[in-house]
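As provided, input-v7.pdb (PDB, C-alpha atoms, pLDDT in the B column) reads as follows.
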ATOM      1  CA  MET A   1      39.900  58.853 -29.295  1.00 48.00           C
ATOM      2  CA  GLU A   2      38.917  59.186 -25.676  1.00 45.00           C
ATOM      3  CA  LEU A   3      35.675  57.344 -26.431  1.00 42.00           C
ATOM      4  CA  GLY A   4      37.558  54.433 -28.042  1.00 48.00           C
ATOM      5  CA  CYS A   5      39.952  54.141 -25.108  1.00 44.00           C
ATOM      6  CA  ASP A   6      37.054  54.234 -22.679  1.00 50.00           C
ATOM      7  CA  MET A   7      35.358  51.318 -24.493  1.00 45.00           C
ATOM      8  CA  LYS A   8      38.545  49.241 -24.405  1.00 46.00           C
ATOM      9  CA  LEU A   9      38.982  49.946 -20.715  1.00 44.00           C
ATOM     10  CA  ARG A  10      35.450  48.769 -19.963  1.00 50.00           C
ATOM     11  CA  ARG A  11      36.005  45.527 -21.883  1.00 51.00           C
ATOM     12  CA  LEU A  12      39.211  44.843 -19.988  1.00 44.00           C
ATOM     13  CA  VAL A  13      37.458  45.445 -16.647  1.00 43.00           C
ATOM     14  CA  ALA A  14      34.574  43.107 -17.580  1.00 47.00           C
ATOM     15  CA  LEU A  15      37.016  40.409 -18.717  1.00 44.00           C
ATOM     16  CA  GLY A  16      38.956  40.762 -15.484  1.00 46.00           C
ATOM     17  CA  CYS A  17      35.775  40.350 -13.414  1.00 42.00           C
ATOM     18  CA  LEU A  18      34.890  37.187 -15.333  1.00 41.00           C
ATOM     19  CA  VAL A  19      38.317  35.689 -14.651  1.00 42.00           C
ATOM     20  CA  VAL A  20      37.945  36.479 -10.946  1.00 40.00           C
ATOM     21  CA  VAL A  21      34.528  34.753 -10.790  1.00 39.00           C
ATOM     22  CA  VAL A  22      35.842  31.601 -12.510  1.00 39.00           C
ATOM     23  CA  ILE A  23      38.815  31.445 -10.130  1.00 41.00           C
ATOM     24  CA  ALA A  24      36.516  31.957  -7.147  1.00 40.00           C
ATOM     25  CA  VAL A  25      34.204  29.105  -8.197  1.00 40.00           C
ATOM     26  CA  ALA A  26      37.144  26.798  -8.760  1.00 42.00           C
ATOM     27  CA  GLY A  27      38.522  27.795  -5.386  1.00 45.00           C
ATOM     28  CA  CYS A  28      35.259  26.791  -3.686  1.00 44.00           C
ATOM     29  CA  GLY A  29      35.732  23.253  -4.906  1.00 46.00           C
ATOM     30  CA  LEU A  30      32.436  23.128  -6.816  1.00 41.00           C
ATOM     31  CA  PRO A  31      32.599  20.350  -9.429  1.00 48.00           C
ATOM     32  CA  ILE A  32      31.750  21.234 -12.984  1.00 48.00           C
ATOM     33  CA  ASP A  33      30.400  18.240 -14.967  1.00 50.00           C
ATOM     34  CA  ASN A  34      29.071  18.032 -18.485  1.00 55.00           C
ATOM     35  CA  SER A  35      26.462  15.386 -17.507  1.00 49.00           C
ATOM     36  CA  PRO A  36      24.460  14.405 -14.390  1.00 47.00           C
ATOM     37  CA  GLN A  37      26.365  12.396 -11.788  1.00 51.00           C
ATOM     38  CA  ALA A  38      25.059   9.991  -9.124  1.00 47.00           C
ATOM     39  CA  ILE A  39      25.269  11.213  -5.540  1.00 46.00           C
ATOM     40  CA  PRO A  40      26.821   8.652  -3.156  1.00 48.00           C
ATOM     41  CA  ALA A  41      24.338   7.362  -0.551  1.00 44.00           C
ATOM     42  CA  ASP A  42      26.411   8.676   2.356  1.00 47.00           C
ATOM     43  CA  GLU A  43      26.389  12.162   0.804  1.00 48.00           C
ATOM     44  CA  MET A  44      22.660  12.251   0.034  1.00 42.00           C
ATOM     45  CA  PRO A  45      20.897  15.205   1.679  1.00 42.00           C
ATOM     46  CA  LEU A  46      18.325  14.127   4.280  1.00 38.00           C
ATOM     47  CA  ALA A  47      15.528  15.882   2.409  1.00 36.00           C
ATOM     48  CA  LEU A  48      16.204  13.657  -0.611  1.00 37.00           C
ATOM     49  CA  SER A  49      16.662  10.417   1.301  1.00 37.00           C
ATOM     50  CA  GLU A  50      14.209   7.597   0.527  1.00 35.00           C
ATOM     51  CA  SER A  51      13.743   7.074   4.249  1.00 32.00           C
ATOM     52  CA  ASN A  52      12.303  10.560   4.619  1.00 32.00           C
ATOM     53  CA  ALA A  53       8.647  10.122   5.516  1.00 32.00           C
ATOM     54  CA  THR A  54       7.621  13.101   3.401  1.00 32.00           C
ATOM     55  CA  ILE A  55       8.671  11.382   0.174  1.00 35.00           C
ATOM     56  CA  PRO A  56       5.786   9.429  -1.440  1.00 40.00           C
ATOM     57  CA  SER A  57       6.176   5.665  -1.627  1.00 43.00           C
ATOM     58  CA  VAL A  58       7.097   4.088  -4.962  1.00 42.00           C
ATOM     59  CA  SER A  59       3.640   2.551  -5.247  1.00 46.00           C
ATOM     60  CA  ARG A  60       2.050   5.987  -5.071  1.00 53.00           C
ATOM     61  CA  LEU A  61       4.442   7.352  -7.649  1.00 44.00           C
ATOM     62  CA  LEU A  62       3.475   4.552 -10.008  1.00 60.00           C
ATOM     63  CA  GLY A  63      -0.170   5.583  -9.765  1.00 73.00           C
ATOM     64  CA  SER A  64      -1.384   2.922  -7.331  1.00 87.00           C
ATOM     65  CA  ILE A  65      -4.260   3.820  -5.056  1.00 92.00           C
ATOM     66  CA  PRO A  66      -4.891   3.104  -1.357  1.00 95.00           C
ATOM     67  CA  GLU A  67      -7.376   0.408  -0.355  1.00 96.00           C
ATOM     68  CA  GLU A  68      -8.109  -1.020   3.076  1.00 97.00           C
ATOM     69  CA  ILE A  69      -7.636  -4.673   4.000  1.00 98.00           C
ATOM     70  CA  TYR A  70      -8.519  -6.047   7.441  1.00 98.00           C
ATOM     71  CA  LEU A  71      -6.193  -7.823   9.825  1.00 98.00           C
ATOM     72  CA  LEU A  72      -6.401  -8.651  13.536  1.00 98.00           C
ATOM     73  CA  GLY A  73      -5.148  -6.334  16.244  1.00 97.00           C
ATOM     74  CA  PRO A  74      -3.591  -7.454  19.550  1.00 96.00           C
ATOM     75  CA  ASP A  75      -7.086  -7.522  21.092  1.00 95.00           C
ATOM     76  CA  ALA A  76      -8.391  -9.893  18.364  1.00 93.00           C
ATOM     77  CA  GLN A  77     -10.431  -7.087  16.835  1.00 97.00           C
ATOM     78  CA  LEU A  78     -10.501  -6.211  13.150  1.00 98.00           C
ATOM     79  CA  VAL A  79      -8.126  -3.415  12.158  1.00 98.00           C
ATOM     80  CA  GLY A  80      -7.995  -1.768   8.753  1.00 97.00           C
ATOM     81  CA  ARG A  81      -4.631  -1.348   7.088  1.00 97.00           C
ATOM     82  CA  ILE A  82      -3.845   0.459   3.845  1.00 97.00           C
ATOM     83  CA  ARG A  83      -2.391  -1.350   0.854  1.00 96.00           C
ATOM     84  CA  TYR A  84      -1.603   0.248  -2.512  1.00 95.00           C
ATOM     85  CA  LEU A  85      -3.116  -1.547  -5.490  1.00 94.00           C
ATOM     86  CA  ARG A  86      -2.975  -0.978  -9.209  1.00 92.00           C
ATOM     87  CA  PRO A  87      -6.098   0.804 -10.438  1.00 93.00           C
ATOM     88  CA  PRO A  88      -8.808  -0.101 -10.808  1.00 92.00           C
ATOM     89  CA  PRO A  89      -8.941  -2.125  -7.564  1.00 94.00           C
ATOM     90  CA  THR A  90     -10.598  -5.525  -7.968  1.00 97.00           C
ATOM     91  CA  PRO A  91     -11.902  -8.132  -5.501  1.00 98.00           C
ATOM     92  CA  GLN A  92      -9.067 -10.450  -6.534  1.00 97.00           C
ATOM     93  CA  GLY A  93      -6.516  -7.730  -5.919  1.00 97.00           C
ATOM     94  CA  MET A  94      -7.960  -7.169  -2.447  1.00 98.00           C
ATOM     95  CA  LEU A  95      -7.829 -10.898  -1.674  1.00 97.00           C
ATOM     96  CA  ASP A  96      -4.243 -11.137  -2.914  1.00 96.00           C
ATOM     97  CA  ALA A  97      -3.271  -8.264  -0.626  1.00 96.00           C
ATOM     98  CA  LEU A  98      -5.027  -9.961   2.285  1.00 97.00           C
ATOM     99  CA  GLU A  99      -3.153 -13.214   1.649  1.00 95.00           C
ATOM    100  CA  THR A 100       0.207 -11.482   2.092  1.00 95.00           C
ATOM    101  CA  GLY A 101      -0.660 -10.770   5.726  1.00 96.00           C
ATOM    102  CA  PRO A 102       0.850  -8.139   8.000  1.00 97.00           C
ATOM    103  CA  ALA A 103       3.942  -6.156   7.088  1.00 96.00           C
ATOM    104  CA  PRO A 104       6.985  -6.507   9.399  1.00 96.00           C
ATOM    105  CA  THR A 105       6.223  -3.179  11.081  1.00 96.00           C
ATOM    106  CA  GLU A 106       2.644  -4.332  11.682  1.00 97.00           C
ATOM    107  CA  LEU A 107       3.851  -7.586  13.219  1.00 97.00           C
ATOM    108  CA  ASP A 108       5.938  -5.496  15.609  1.00 97.00           C
ATOM    109  CA  GLN A 109       2.694  -3.800  16.668  1.00 96.00           C
ATOM    110  CA  GLY A 110       1.061  -7.157  17.466  1.00 97.00           C
ATOM    111  CA  ILE A 111      -1.069  -7.234  14.315  1.00 98.00           C
ATOM    112  CA  GLN A 112      -1.757 -10.739  12.980  1.00 97.00           C
ATOM    113  CA  SER A 113      -3.897 -12.527  10.395  1.00 96.00           C
ATOM    114  CA  ALA A 114      -6.089 -15.595  10.776  1.00 94.00           C
ATOM    115  CA  ILE A 115      -5.797 -16.300   7.045  1.00 93.00           C
ATOM    116  CA  PRO A 116      -3.406 -19.243   6.523  1.00 87.00           C
ATOM    117  CA  SER A 117      -0.167 -18.207   4.836  1.00 84.00           C
ATOM    118  CA  SER A 118      -0.735 -20.937   2.242  1.00 88.00           C
ATOM    119  CA  ALA A 119      -4.255 -19.767   1.401  1.00 91.00           C
ATOM    120  CA  ASN A 120      -5.293 -19.169  -2.185  1.00 94.00           C
ATOM    121  CA  LEU A 121      -8.430 -17.040  -2.147  1.00 96.00           C
ATOM    122  CA  ILE A 122     -10.257 -16.739  -5.450  1.00 97.00           C
ATOM    123  CA  ALA A 123     -12.758 -14.039  -6.334  1.00 98.00           C
ATOM    124  CA  GLY A 124     -15.563 -15.742  -8.231  1.00 97.00           C
ATOM    125  CA  ALA A 125     -18.714 -14.373  -9.800  1.00 97.00           C
ATOM    126  CA  GLN A 126     -20.350 -11.204  -8.569  1.00 97.00           C
ATOM    127  CA  THR A 127     -24.094 -10.655  -8.873  1.00 96.00           C
ATOM    128  CA  GLY A 128     -26.055  -7.720  -7.541  1.00 95.00           C
ATOM    129  CA  GLY A 129     -23.270  -6.632  -5.216  1.00 97.00           C
ATOM    130  CA  VAL A 130     -22.739 -10.158  -3.821  1.00 98.00           C
ATOM    131  CA  LEU A 131     -19.282 -11.620  -4.432  1.00 98.00           C
ATOM    132  CA  THR A 132     -18.516 -15.339  -4.339  1.00 98.00           C
ATOM    133  CA  VAL A 133     -15.189 -16.130  -2.662  1.00 98.00           C
ATOM    134  CA  VAL A 134     -13.793 -19.581  -3.373  1.00 97.00           C
ATOM    135  CA  LEU A 135     -11.877 -21.100  -0.459  1.00 94.00           C
ATOM    136  CA  ASP A 136      -9.142 -23.681  -0.976  1.00 90.00           C
ATOM    137  CA  SER A 137      -8.242 -26.724   1.091  1.00 86.00           C
ATOM    138  CA  SER A 138      -6.335 -24.614   3.639  1.00 80.00           C
ATOM    139  CA  PHE A 139      -9.746 -23.735   5.097  1.00 80.00           C
ATOM    140  CA  GLY A 140     -10.831 -27.375   5.489  1.00 68.00           C
ATOM    141  CA  SER A 141      -9.965 -27.639   9.176  1.00 63.00           C
ATOM    142  CA  PRO A 142      -9.349 -24.217  10.734  1.00 57.00           C
ATOM    143  CA  ARG A 143      -7.836 -24.004  14.166  1.00 63.00           C
ATOM    144  CA  PRO A 144     -10.366 -23.786  17.014  1.00 63.00           C
ATOM    145  CA  GLY A 145     -11.853 -20.297  17.183  1.00 75.00           C
ATOM    146  CA  GLN A 146     -10.118 -19.170  13.989  1.00 88.00           C
ATOM    147  CA  ALA A 147     -12.955 -19.628  11.498  1.00 91.00           C
ATOM    148  CA  THR A 148     -14.835 -16.563  12.730  1.00 94.00           C
ATOM    149  CA  TYR A 149     -11.799 -14.362  12.172  1.00 96.00           C
ATOM    150  CA  GLU A 150     -10.970 -15.858   8.778  1.00 95.00           C
ATOM    151  CA  PHE A 151     -14.435 -15.133   7.430  1.00 96.00           C
ATOM    152  CA  ALA A 152     -14.546 -11.714   9.085  1.00 97.00           C
ATOM    153  CA  GLN A 153     -11.256 -10.597   7.523  1.00 98.00           C
ATOM    154  CA  ILE A 154     -12.390 -11.674   4.068  1.00 98.00           C
ATOM    155  CA  VAL A 155     -15.837 -10.082   4.342  1.00 98.00           C
ATOM    156  CA  TYR A 156     -14.536  -6.760   5.634  1.00 98.00           C
ATOM    157  CA  THR A 157     -11.714  -6.651   3.083  1.00 98.00           C
ATOM    158  CA  VAL A 158     -13.740  -7.266  -0.075  1.00 98.00           C
ATOM    159  CA  THR A 159     -16.617  -5.055   1.076  1.00 98.00           C
ATOM    160  CA  SER A 160     -14.134  -2.184   1.274  1.00 97.00           C
ATOM    161  CA  LEU A 161     -14.868  -1.934  -2.438  1.00 97.00           C
ATOM    162  CA  PRO A 162     -18.034   0.076  -3.097  1.00 96.00           C
ATOM    163  CA  GLN A 163     -19.360  -2.473  -5.578  1.00 97.00           C
ATOM    164  CA  VAL A 164     -19.321  -5.345  -3.050  1.00 98.00           C
ATOM    165  CA  HIS A 165     -21.987  -5.457  -0.339  1.00 97.00           C
ATOM    166  CA  GLY A 166     -22.246  -9.133   0.589  1.00 98.00           C
ATOM    167  CA  VAL A 167     -20.212 -12.340   0.300  1.00 98.00           C
ATOM    168  CA  LEU A 168     -20.975 -15.961  -0.573  1.00 98.00           C
ATOM    169  CA  PHE A 169     -18.389 -18.595   0.310  1.00 97.00           C
ATOM    170  CA  GLU A 170     -17.733 -21.630  -1.849  1.00 96.00           C
ATOM    171  CA  TYR A 171     -15.748 -24.633  -0.652  1.00 93.00           C
ATOM    172  CA  GLY A 172     -15.304 -27.966  -2.395  1.00 91.00           C
ATOM    173  CA  GLY A 173     -17.676 -26.947  -5.173  1.00 93.00           C
ATOM    174  CA  ALA A 174     -20.557 -26.104  -2.802  1.00 94.00           C
ATOM    175  CA  ILE A 175     -21.844 -22.903  -1.210  1.00 95.00           C
ATOM    176  CA  ILE A 176     -21.316 -23.049   2.561  1.00 94.00           C
ATOM    177  CA  GLN A 177     -22.700 -21.218   5.572  1.00 93.00           C
ATOM    178  CA  PRO A 178     -19.804 -19.332   7.147  1.00 94.00           C
ATOM    179  CA  VAL A 179     -19.210 -18.757  10.838  1.00 94.00           C
ATOM    180  CA  VAL A 180     -20.222 -15.249  11.918  1.00 96.00           C
ATOM    181  CA  GLY A 181     -19.096 -12.904  14.665  1.00 95.00           C
ATOM    182  CA  ASN A 182     -20.809 -14.675  17.571  1.00 93.00           C
ATOM    183  CA  GLY A 183     -19.179 -17.988  16.662  1.00 92.00           C
ATOM    184  CA  SER A 184     -22.312 -19.608  15.230  1.00 94.00           C
ATOM    185  CA  PHE A 185     -23.119 -20.518  11.645  1.00 94.00           C
ATOM    186  CA  ALA A 186     -24.799 -17.829   9.579  1.00 95.00           C
ATOM    187  CA  THR A 187     -28.535 -18.146   9.107  1.00 94.00           C
ATOM    188  CA  SER A 188     -28.086 -17.118   5.465  1.00 93.00           C
ATOM    189  CA  PHE A 189     -25.553 -18.076   2.835  1.00 97.00           C
ATOM    190  CA  VAL A 190     -24.864 -14.404   2.119  1.00 98.00           C
ATOM    191  CA  VAL A 191     -23.031 -12.541   4.890  1.00 98.00           C
ATOM    192  CA  HIS A 192     -22.373  -8.845   5.366  1.00 98.00           C
ATOM    193  CA  ARG A 193     -20.276  -6.620   7.594  1.00 98.00           C
ATOM    194  CA  ALA A 194     -23.089  -6.464  10.124  1.00 97.00           C
ATOM    195  CA  ASP A 195     -22.660 -10.201  10.757  1.00 98.00           C
ATOM    196  CA  TYR A 196     -19.234  -9.460  12.287  1.00 97.00           C
ATOM    197  CA  ALA A 197     -20.082  -6.351  14.286  1.00 96.00           C
ATOM    198  CA  GLN A 198     -18.762  -8.031  17.449  1.00 96.00           C
ATOM    199  CA  LEU A 199     -15.223  -7.943  16.024  1.00 97.00           C
ATOM    200  CA  VAL A 200     -15.110  -4.222  15.301  1.00 95.00           C
ATOM    201  CA  PRO A 201     -13.689  -1.886  17.960  1.00 87.00           C
TER     202      PRO A 201
END

Can I see the file as structure tokens?
Amino acid sequence: MELGCDMKLRRLVALGCLVVVVIAVAGCGLPIDNSPQAIPADEMPLALSESNATIPSVSRLLGSIPEEIYLLGPDAQLVGRIRYLRPPPTPQGMLDALETGPAPTELDQGIQSAIPSSANLIAGAQTGGVLTVVLDSSFGSPRPGQATYEFAQIVYTVTSLPQVHGVLFEYGGAIIQPVVGNGSFATSFVVHRADYAQLVP
């Protein structure tokens, strides 16, 4: 009989402890929901905020990979800037990223682009590591001194890809001799990074 009473007493004590815990949780004001609930933006913990620099960008989360395009710094020198592209990166994808120009934060840093905002750069055929880039009419009459930078940005951007080593430029259905880093016309139709060494810091 004593054993049976002892068992009942233990059950009552355990039940009493459970009631106390439930009351304590309710007293702390902790919500109990049957399904996930959205957290209001003004209540979002800093560590979970999208503005937190330690959180990967959406492009990275989607599997995009970093590639380097080239813009112009405040000293009119080429500067590499990272853009996230869908894999695998292609010459056309690099040219499309270059066309978009500097991001607002880059503009605040004095970074510019000589590529006209209306430009439509087309990646043509590629043979033996040499890529043909087709220029549209926006390149027909570049501003004085701008041609060198336009060609330099394109050459450095597409040769960021390991499969591209040199560039041919086509305009109006013909292959043209681009302007190189010293402001003169190239001695060859194919140009490389070395032809714009004067524009690299």

Subject >> Contact residues around Thr159 in chain A with all atoms listed in the file at 10 Å, ignoring same-chain residues under 5 positions, as a ChimeraX atom specification >> reply: /A:68-69,91,94,129-131,154,164-167,192-193

Original post:
Looking at A:Leu168, A:Ser138, A:Thr148, A:Thr90, which one is nearest to Ala197 in chain A, with distances taken over all atoms listed in the file?
Top reply: A:Thr148

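Here CA of Val134 in chain A stands at a distance of 18.6 Å from CA of Pro89 in chain A.
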
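Between CA of Phe185 in chain A and CA of Val158 in chain A the interatomic distance comes to 20.0 Å.
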
Original post:
Got a sec: who's within 9 Å of Asp195 in chain A, counting all atoms listed in the file, leaving out chain neighbours fewer than 2 positions off, as number ranges by chain?
Top reply: A: 152, 180-182, 186, 191-193, 197-198

Original post:
Looking at A:Gln146, A:Gln77, A:Ser160, A:Gln153, which one is nearest to Ile111 in chain A, with distances taken over only C-alpha atoms?
Top reply: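 Among the listed residues, A:Gln77 lies closest to Ile111 in chain A.
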
Subject >> Interatomic distance, CA of Gly110 in chain A to CA of Pro162 in chain A (Å, one decimal) >> reply: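 Separating CA of Gly110 in chain A from CA of Pro162 in chain A is a distance of 29.0 Å.
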
I need the residue set behind the PyMOL selection byres ((chain A and resi 175) around 10) for this file; please write it as a compact mmCIF listing (two decimals) with C-alpha atoms, keeping the file's coordinate frame.
# COMPACT_ATOMS: atom_id res chain seq x y z
CA THR A 132 -18.52 -15.34 -4.34
CA VAL A 133 -15.19 -16.13 -2.66
CA VAL A 134 -13.79 -19.58 -3.37
CA LEU A 168 -20.98 -15.96 -0.57
CA PHE A 169 -18.39 -18.60 0.31
CA GLU A 170 -17.73 -21.63 -1.85
CA TYR A 171 -15.75 -24.63 -0.65
CA GLY A 172 -15.30 -27.97 -2.40
CA GLY A 173 -17.68 -26.95 -5.17
CA ALA A 174 -20.56 -26.10 -2.80
CA ILE A 176 -21.32 -23.05 2.56
CA GLN A 177 -22.70 -21.22 5.57
CA PRO A 178 -19.80 -19.33 7.15
CA PHE A 189 -25.55 -18.08 2.84
CA VAL A 190 -24.86 -14.40 2.12

Using only C-alpha atoms, determine which residues lie at most 7 Å from Asp136 in chain A, disregarding the query and same-chain residues fewer than 6 positions distant; provide the list as a compact mmCIF listing (two decimals) with C-alpha atoms, in the frame of the given file.
# COMPACT_ATOMS: atom_id res chain seq x y z
CA ALA A 119 -4.26 -19.77 1.40
CA ASN A 120 -5.29 -19.17 -2.18
CA LEU A 121 -8.43 -17.04 -2.15
CA TYR A 171 -15.75 -24.63 -0.65

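Note on the selection: in this file the PyMOL selection byres ((chain A and resi 100-106) around 10) comes out as Ile69, Tyr70, Leu71, Leu72, Gly73, Arg81, Leu95, Asp96, Ala97, Leu98, Glu99, Leu107, Asp108, Gln109, Gly110, Ile111, Gln112, Ser113, Ala114, Ile115, Pro116, Ser117, Ser118 and Ala119 of chain A.
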